[in-house]
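Printed here is work09.cif (mmCIF, C-alpha atoms):
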```cif
data_query
#
loop_
_atom_site.label_atom_id
_atom_site.label_comp_id
_atom_site.auth_asym_id
_atom_site.auth_seq_id
_atom_site.Cartn_x
_atom_site.Cartn_y
_atom_site.Cartn_z
CA MET U 1 -7.68 -197.33 -38.32
CA LYS U 2 -9.31 -198.10 -41.63
CA LYS U 3 -11.25 -194.80 -41.48
CA LYS U 4 -8.04 -192.78 -41.02
CA LEU U 5 -6.39 -194.41 -44.07
CA PHE U 6 -9.52 -193.75 -46.13
CA TYR U 7 -9.33 -190.01 -45.45
CA LEU U 8 -5.51 -189.79 -45.87
CA ILE U 9 -5.42 -191.08 -49.46
CA PRO U 10 -7.45 -188.21 -50.98
CA VAL U 11 -5.20 -185.71 -49.16
CA LEU U 12 -2.01 -187.21 -50.62
CA GLY U 13 -3.58 -187.31 -54.06
CA SER U 14 -4.35 -183.62 -53.83
CA ILE U 15 -0.72 -182.80 -52.93
CA ILE U 16 0.65 -184.74 -55.88
CA VAL U 17 -1.65 -183.14 -58.42
CA HIS U 18 -1.70 -179.54 -57.27
CA GLY U 19 1.54 -179.01 -55.35
CA GLN U 20 5.26 -179.09 -56.05
CA ILE U 21 7.38 -182.08 -55.14
CA GLY U 22 10.91 -181.53 -53.91
CA ILE U 23 13.52 -184.27 -53.77
CA GLY U 24 16.59 -183.14 -51.87
CA THR U 25 15.03 -179.77 -51.12
CA GLY U 26 12.29 -178.55 -48.81
CA THR U 27 11.55 -175.53 -51.01
CA PRO U 28 10.90 -176.76 -54.54
CA SER U 29 10.54 -174.18 -57.30
CA SER U 30 7.02 -172.87 -57.67
CA ASN U 31 7.37 -173.29 -61.44
CA ALA U 32 8.31 -176.98 -61.28
CA ILE U 33 6.05 -179.94 -60.60
CA LEU U 34 9.21 -181.84 -59.57
CA ASP U 35 12.40 -180.23 -58.27
CA VAL U 36 15.32 -182.64 -57.84
CA THR U 37 18.27 -181.12 -56.00
CA SER U 38 21.65 -182.71 -55.25
CA SER U 39 25.25 -181.58 -55.06
CA ASN U 40 26.76 -185.01 -55.72
CA LYS U 41 24.19 -187.03 -57.67
CA GLY U 42 22.54 -186.87 -61.08
CA LEU U 43 19.18 -187.68 -62.59
CA LEU U 44 19.10 -191.12 -64.22
CA LEU U 45 16.86 -191.21 -67.28
CA THR U 46 15.04 -194.27 -68.52
CA ARG U 47 17.23 -196.37 -70.81
CA ASN U 48 15.77 -197.94 -73.93
CA SER U 49 16.96 -199.48 -77.16
CA LEU U 50 15.42 -197.58 -80.05
CA THR U 51 15.24 -199.16 -83.49
CA SER U 52 15.03 -196.06 -85.69
CA THR U 53 13.94 -192.44 -85.46
CA ALA U 54 10.72 -193.24 -87.33
CA SER U 55 9.64 -196.11 -85.06
CA PRO U 56 8.30 -195.58 -81.51
CA ILE U 57 9.58 -199.03 -80.45
CA PRO U 58 10.04 -199.98 -77.63
CA LEU U 59 7.16 -197.55 -76.89
CA SER U 60 3.77 -198.44 -78.32
CA ALA U 61 3.38 -194.99 -79.90
CA HIS U 62 5.18 -191.71 -80.37
CA VAL U 63 4.55 -189.39 -77.42
CA LYS U 64 5.31 -185.70 -77.73
CA GLY U 65 7.77 -184.58 -75.04
CA MET U 66 9.08 -188.09 -74.26
CA VAL U 67 12.79 -188.25 -73.42
CA THR U 68 14.96 -191.34 -73.04
CA TYR U 69 18.54 -192.47 -73.17
CA ASN U 70 19.01 -194.73 -76.20
CA LEU U 71 21.40 -197.66 -75.77
CA ALA U 72 21.27 -198.97 -79.33
CA ASN U 73 23.40 -198.24 -82.38
CA ALA U 74 21.09 -199.37 -85.15
CA ASN U 75 19.80 -197.99 -88.44
CA ASN U 76 19.82 -194.19 -88.01
CA VAL U 77 20.03 -194.04 -84.20
CA SER U 78 23.13 -194.09 -82.01
CA GLU U 79 23.69 -194.12 -78.29
CA GLY U 80 22.65 -190.93 -76.54
CA ILE U 81 19.70 -188.87 -75.35
CA TYR U 82 16.68 -188.76 -77.67
CA GLU U 83 13.50 -186.70 -77.57
CA ASN U 84 10.18 -187.35 -79.26
CA ASP U 85 8.06 -184.72 -81.03
CA GLY U 86 5.00 -186.91 -81.36
CA ARG U 87 6.01 -188.15 -84.80
CA SER U 88 9.63 -189.33 -84.51
CA TRP U 89 12.74 -189.43 -82.35
CA SER U 90 15.63 -187.00 -82.70
CA ALA U 91 18.97 -186.88 -80.93
CA VAL U 92 19.38 -184.12 -78.38
CA SER U 93 22.24 -181.97 -79.70
CA TYR U 94 25.34 -181.38 -77.66
CA ASP U 95 27.62 -178.38 -77.50
CA TYR U 96 30.26 -178.24 -80.25
CA PRO U 97 33.96 -178.35 -79.37
CA TYR U 98 35.61 -174.92 -79.47
CA GLY U 99 37.25 -174.36 -82.86
CA THR U 100 34.62 -176.26 -84.88
CA ILE U 101 34.20 -174.76 -88.37
CA SER U 102 30.84 -174.56 -90.13
CA ASN U 103 29.50 -173.10 -93.38
CA SER U 104 26.23 -171.20 -93.10
CA PHE U 105 23.95 -168.77 -94.92
CA ALA U 106 23.82 -166.73 -91.70
CA THR U 107 25.45 -163.32 -92.00
CA ALA U 108 26.32 -162.44 -88.39
CA ASP U 109 27.59 -164.00 -85.14
CA HIS U 110 24.99 -166.18 -83.43
CA LYS U 111 24.75 -168.60 -80.49
CA GLY U 112 28.51 -168.89 -79.95
CA TRP U 113 29.37 -168.98 -83.67
CA TYR U 114 31.66 -166.18 -84.87
CA LEU U 115 32.12 -165.11 -88.47
CA LEU U 116 35.65 -165.72 -89.79
CA ASP U 117 36.15 -162.22 -91.17
CA GLY U 118 39.69 -161.41 -90.04
CA ARG U 119 38.58 -159.33 -87.06
CA ALA U 120 40.92 -158.60 -84.14
CA VAL U 121 40.65 -161.09 -81.28
CA SER U 122 40.61 -158.13 -78.89
CA SER U 123 37.19 -157.15 -80.32
CA LEU U 124 35.61 -160.39 -79.06
CA PRO U 125 34.03 -160.83 -75.60
CA ALA U 126 36.67 -161.44 -72.91
CA ASN U 127 35.83 -165.11 -72.31
CA VAL U 128 35.73 -165.75 -76.06
CA GLN U 129 39.13 -164.08 -76.52
CA ALA U 130 40.73 -166.68 -74.25
CA ARG U 131 39.26 -169.51 -76.31
CA ALA U 132 40.48 -167.96 -79.56
CA VAL U 133 44.00 -167.61 -78.13
CA SER U 134 43.94 -171.24 -76.95
CA LEU U 135 43.28 -172.23 -80.56
CA GLY U 136 46.30 -170.28 -81.78
CA PHE U 137 44.62 -167.04 -82.83
CA ALA U 138 46.32 -164.51 -80.58
CA VAL U 139 45.99 -161.45 -82.82
CA SER U 140 43.11 -161.98 -85.23
CA LEU U 141 40.70 -164.59 -86.54
CA PRO U 142 41.41 -165.93 -90.03
CA ASN U 143 39.59 -164.23 -92.87
CA ALA U 144 37.70 -166.86 -94.87
CA ASP U 145 36.47 -164.43 -97.53
CA ASP U 146 36.93 -165.91 -101.02
CA ARG U 147 38.67 -168.98 -99.56
CA ILE U 148 38.16 -172.72 -99.91
CA ILE U 149 38.82 -174.81 -96.77
CA LYS U 150 41.56 -177.45 -97.01
CA THR U 151 43.27 -179.72 -94.50
CA LYS U 152 46.79 -178.86 -93.37
CA ASP U 153 49.96 -180.54 -94.50
CA VAL U 154 52.99 -181.15 -92.28
CA SER U 155 54.51 -177.69 -92.67
CA GLU U 156 51.35 -175.56 -92.63
CA GLY U 157 49.90 -173.90 -89.56
CA VAL U 158 46.19 -174.14 -88.78
CA GLY U 159 44.49 -170.94 -89.88
CA SER U 160 47.19 -169.96 -92.38
CA LEU U 161 46.12 -168.47 -95.73
CA SER U 162 47.60 -169.43 -99.08
CA GLY U 163 46.78 -170.11 -102.73
CA ASN U 164 45.30 -168.12 -105.59
CA ALA U 165 42.13 -168.30 -107.64
CA THR U 166 44.01 -167.65 -110.90
CA VAL U 167 47.31 -168.69 -112.44
CA THR U 168 49.48 -167.30 -115.23
CA LEU U 169 51.63 -169.77 -117.12
CA VAL U 170 55.25 -168.87 -117.91
CA GLN U 171 57.77 -170.77 -120.00
CA SER U 172 59.02 -172.72 -116.97
CA HIS U 173 55.53 -174.20 -116.58
CA LEU U 174 55.69 -175.80 -120.03
CA PRO U 175 56.93 -179.39 -120.45
CA ASN U 176 60.61 -179.75 -121.28
CA VAL U 177 60.12 -181.00 -124.83
CA ILE U 178 62.29 -180.09 -127.85
CA PHE U 179 60.61 -180.21 -131.22
CA THR U 180 62.97 -180.65 -134.19
CA GLY U 181 62.42 -180.88 -137.94
CA SER U 182 62.75 -179.10 -141.22
CA THR U 183 60.63 -178.25 -144.18
CA SER U 184 60.10 -180.94 -146.79
CA THR U 185 62.64 -181.26 -149.65
CA ASP U 186 59.72 -181.94 -151.98
CA GLY U 187 59.73 -178.25 -152.69
CA ALA U 188 62.64 -178.31 -155.17
CA HIS U 189 62.26 -175.22 -157.28
CA THR U 190 64.06 -172.71 -159.40
CA HIS U 191 64.53 -168.97 -159.16
CA THR U 192 64.09 -166.81 -162.24
CA TYR U 193 66.63 -164.11 -162.90
CA THR U 194 67.44 -161.74 -165.71
CA ASP U 195 70.98 -161.82 -166.96
CA ARG U 196 72.61 -158.45 -166.72
CA GLY U 197 74.30 -158.88 -170.08
CA ALA U 198 73.67 -155.36 -171.25
CA GLY U 199 72.48 -153.86 -168.00
CA VAL U 200 71.67 -154.41 -164.28
CA SER U 201 70.26 -157.78 -163.28
CA VAL U 202 66.86 -158.03 -161.55
CA ASN U 203 66.61 -161.14 -159.41
CA SER U 204 63.63 -162.87 -157.87
CA GLY U 205 65.65 -163.92 -154.83
CA SER U 206 67.44 -161.82 -152.23
CA GLY U 207 70.65 -161.86 -150.25
CA ALA U 208 74.32 -162.08 -151.03
CA ASN U 209 74.02 -165.24 -153.08
CA ASN U 210 71.65 -163.91 -155.70
CA PRO U 211 72.34 -165.53 -159.06
CA VAL U 212 74.40 -163.17 -161.19
CA ALA U 213 75.75 -164.02 -164.64
CA ASP U 214 77.36 -162.10 -167.43
CA ASN U 215 75.90 -163.62 -170.50
CA THR U 216 73.69 -162.68 -173.34
CA SER U 217 70.83 -160.66 -171.94
CA GLY U 218 67.58 -162.56 -171.47
CA ALA U 219 65.54 -164.51 -168.89
CA TYR U 220 67.03 -167.68 -167.40
CA ASN U 221 66.23 -170.19 -164.61
CA THR U 222 68.54 -171.65 -162.01
CA ALA U 223 69.00 -175.43 -162.02
CA ALA U 224 66.24 -177.50 -160.42
CA ALA U 225 68.81 -179.43 -158.41
CA GLY U 226 68.91 -176.75 -155.76
CA ALA U 227 66.42 -178.36 -153.38
CA HIS U 228 66.75 -176.76 -149.91
CA THR U 229 64.89 -175.98 -146.70
CA HIS U 230 63.71 -172.75 -145.12
CA SER U 231 63.74 -171.90 -141.39
CA VAL U 232 60.45 -170.61 -140.04
CA SER U 233 59.35 -168.89 -136.81
CA PHE U 234 55.94 -167.76 -135.61
CA ASN U 235 54.34 -165.99 -132.63
CA SER U 236 52.01 -167.94 -130.31
CA GLY U 237 49.62 -165.01 -130.21
CA GLY U 238 49.34 -165.22 -126.39
CA SER U 239 49.23 -162.24 -124.04
CA SER U 240 50.12 -163.87 -120.67
CA GLN U 241 46.61 -163.41 -119.28
CA PRO U 242 45.87 -165.37 -116.05
CA PHE U 243 43.09 -167.94 -116.13
CA ASN U 244 40.73 -168.92 -113.31
CA ILE U 245 41.25 -172.31 -111.66
CA THR U 246 38.42 -172.02 -109.08
CA PRO U 247 36.13 -175.07 -109.33
CA SER U 248 32.34 -174.77 -109.38
CA TYR U 249 31.20 -173.49 -105.99
CA LEU U 250 28.35 -172.46 -103.69
CA VAL U 251 28.83 -169.22 -101.78
CA THR U 252 28.40 -169.35 -97.96
CA ASN U 253 29.83 -167.69 -94.89
CA VAL U 254 32.25 -169.55 -92.61
CA PHE U 255 31.90 -169.50 -88.81
CA ILE U 256 34.03 -170.78 -85.95
CA TYR U 257 32.47 -171.98 -82.70
CA LEU U 258 33.94 -170.19 -79.67
CA GLY U 259 30.96 -170.48 -77.34
CA SER U 260 29.00 -167.76 -75.62
#
```

Can you dump the structure from the file as structure tokens?
Amino acid sequence: MKKKLFYLIPVLGSIIVHGQIGIGTGTPSSNAILDVTSSNKGLLLTRNSLTSTASPIPLSAHVKGMVTYNLANANNVSEGIYENDGRSWSAVSYDYPYGTISNSFATADHKGWYLLDGRAVSSLPANVQARAVSLGFAVSLPNADDRIIKTKDVSEGVGSLSGNATVTLVQSHLPNVIFTGSTSTDGAHTHTYTDRGAGVSVNSGSGANNPVADNTSGAYNTAAAGAHTHSVSFNSGGSSQPFNITPSYLVTNVFIYLGS
């Protein structure tokens, strides 16, 4: 009996190293060292509490290709599946929810991300069309060209376009302030006129109330007691040109995730 066991162990060792192991299947994939098959069960990963992406703890060292389910929410790690590249841990990314918006320097559709360029929904793949419609885009995707993203208010619809990059002020935009005043009375002065005595008078003023007298010809001054004010008006010099209100910006493209 001992001899039989002695010869059986090397045989089993050879199967494990060089063959394929199937769990739940008698025909494991020839490309897999381990093929786990089940219609009602999953694969349970090891569960560990990582301390940070930089630390291998609770492992003794970083191991390239290691995968574990992290239970801890500490420092820069949170619960979820993590993989190790031999230097640090990184969270295994999950699929984005349909309708997620992202800025990118990419210039074309890629990996389920579609450029928001105003295209017709009917031009998208059939399965993607249904997702766009479910998000409220039955006719076309929004066009994000020259737009800044903002959150909606109560009355706005998601995907609606509004606003301008420039504005032109009109009188109604100015504050409702009335400025009153008059010129200073310190400017009491006289007007010189020539009496018409022997001829036609030549006055320094103008208008219907020019000083006129019929006296001995000569040059005379009006009384200095005639202090008065003058109304003035002036043009602002403006030309109603619009001015840009766009804040400092970085140019990117905007994509929406609709899946593949």

Hey, what comes out of the PyMOL selection byres ((chain U and resi 163-168) around 8) on this file? Could you write it as a PDB file with C-alpha atoms, in the frame of the given file?
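After the write, result_1.pdb holds the following:
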```pdb
ATOM      1  CA  LEU U 161      46.120-168.470 -95.730  1.00  0.00           C
ATOM      2  CA  SER U 162      47.600-169.430 -99.080  1.00  0.00           C
ATOM      3  CA  LEU U 169      51.630-169.770-117.120  1.00  0.00           C
ATOM      4  CA  VAL U 170      55.250-168.870-117.910  1.00  0.00           C
ATOM      5  CA  SER U 240      50.120-163.870-120.670  1.00  0.00           C
ATOM      6  CA  GLN U 241      46.610-163.410-119.280  1.00  0.00           C
ATOM      7  CA  PRO U 242      45.870-165.370-116.050  1.00  0.00           C
ATOM      8  CA  PHE U 243      43.090-167.940-116.130  1.00  0.00           C
ATOM      9  CA  ASN U 244      40.730-168.920-113.310  1.00  0.00           C
ATOM     10  CA  ILE U 245      41.250-172.310-111.660  1.00  0.00           C
ATOM     11  CA  THR U 246      38.420-172.020-109.080  1.00  0.00           C
TER      12      THR U 246
END
```

(message) I'd like the interatomic distance between atom CA of U:Tyr114 and atom CA of U:Ser102, to a tenth of an Å.
(response)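 So the two atoms, atom CA of U:Tyr114 and atom CA of U:Ser102, lie 9.9 Å apart.
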
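The protein and nucleic acid residues lying at most 7 Å from U:Tyr98 are Tyr257, Leu258 and Gly259 of chain U, with all atoms listed in the file considered and sequence neighbours fewer than 5 positions away removed.
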
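The space separating atom CA of U:His173 from atom CA of U:Gly237 comes to 17.5 Å.
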
(request) Take atom CA of U:Asn48 and atom CA of U:Asn73 and report the distance between them in Å, one decimal. (result) 11.4 Å

(request) For U:Asn143, please output as an NGL selection string all residues within 8 Å (counting all atoms listed in the file; exclusion window: fewer than 4 positions along the same chain). (result) :U and (116-119)

Selected residues written out, C-alpha atoms, as a PDB file, in the frame of the given file:
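Output file again.pdb follows:
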```pdb
ATOM      1  CA  LEU U 116      35.650-165.720 -89.790  1.00  0.00           C
ATOM      2  CA  ASP U 117      36.150-162.220 -91.170  1.00  0.00           C
ATOM      3  CA  GLY U 118      39.690-161.410 -90.040  1.00  0.00           C
ATOM      4  CA  ARG U 119      38.580-159.330 -87.060  1.00  0.00           C
TER       5      ARG U 119
END
```

(request) Translate the PyMOL selection byres ((chain U and resi 254) around 9), as applied to the file shown, into an explicit residue set as a ChimeraX atom specification. (result) /U:101-106,114-117,144-145,252-253,255-256

(request) Would you mind telling me which residue in U:Gly99, U:Pro142, U:Gly86, U:Pro247 lies nearest to U:Ala54 when using all atoms listed in the file? (result)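 Of the candidates, the smallest distance to U:Ala54 is held by U:Gly86.
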
(request) Would you write out, as a PyMOL selection string, every residue that the PyMOL selection byres ((chain U and resi 120-130) around 9) captures in this file? (result) chain U and resi 112+118-119+131-135+137-141+258-260

(request) Could you check which of U:Ser88, U:Ser239, U:Ser248, U:Ser231 is closest to U:Ile148, using all atoms listed in the file? (result)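 Closest residue, counting all atoms listed in the file: U:Ser248.
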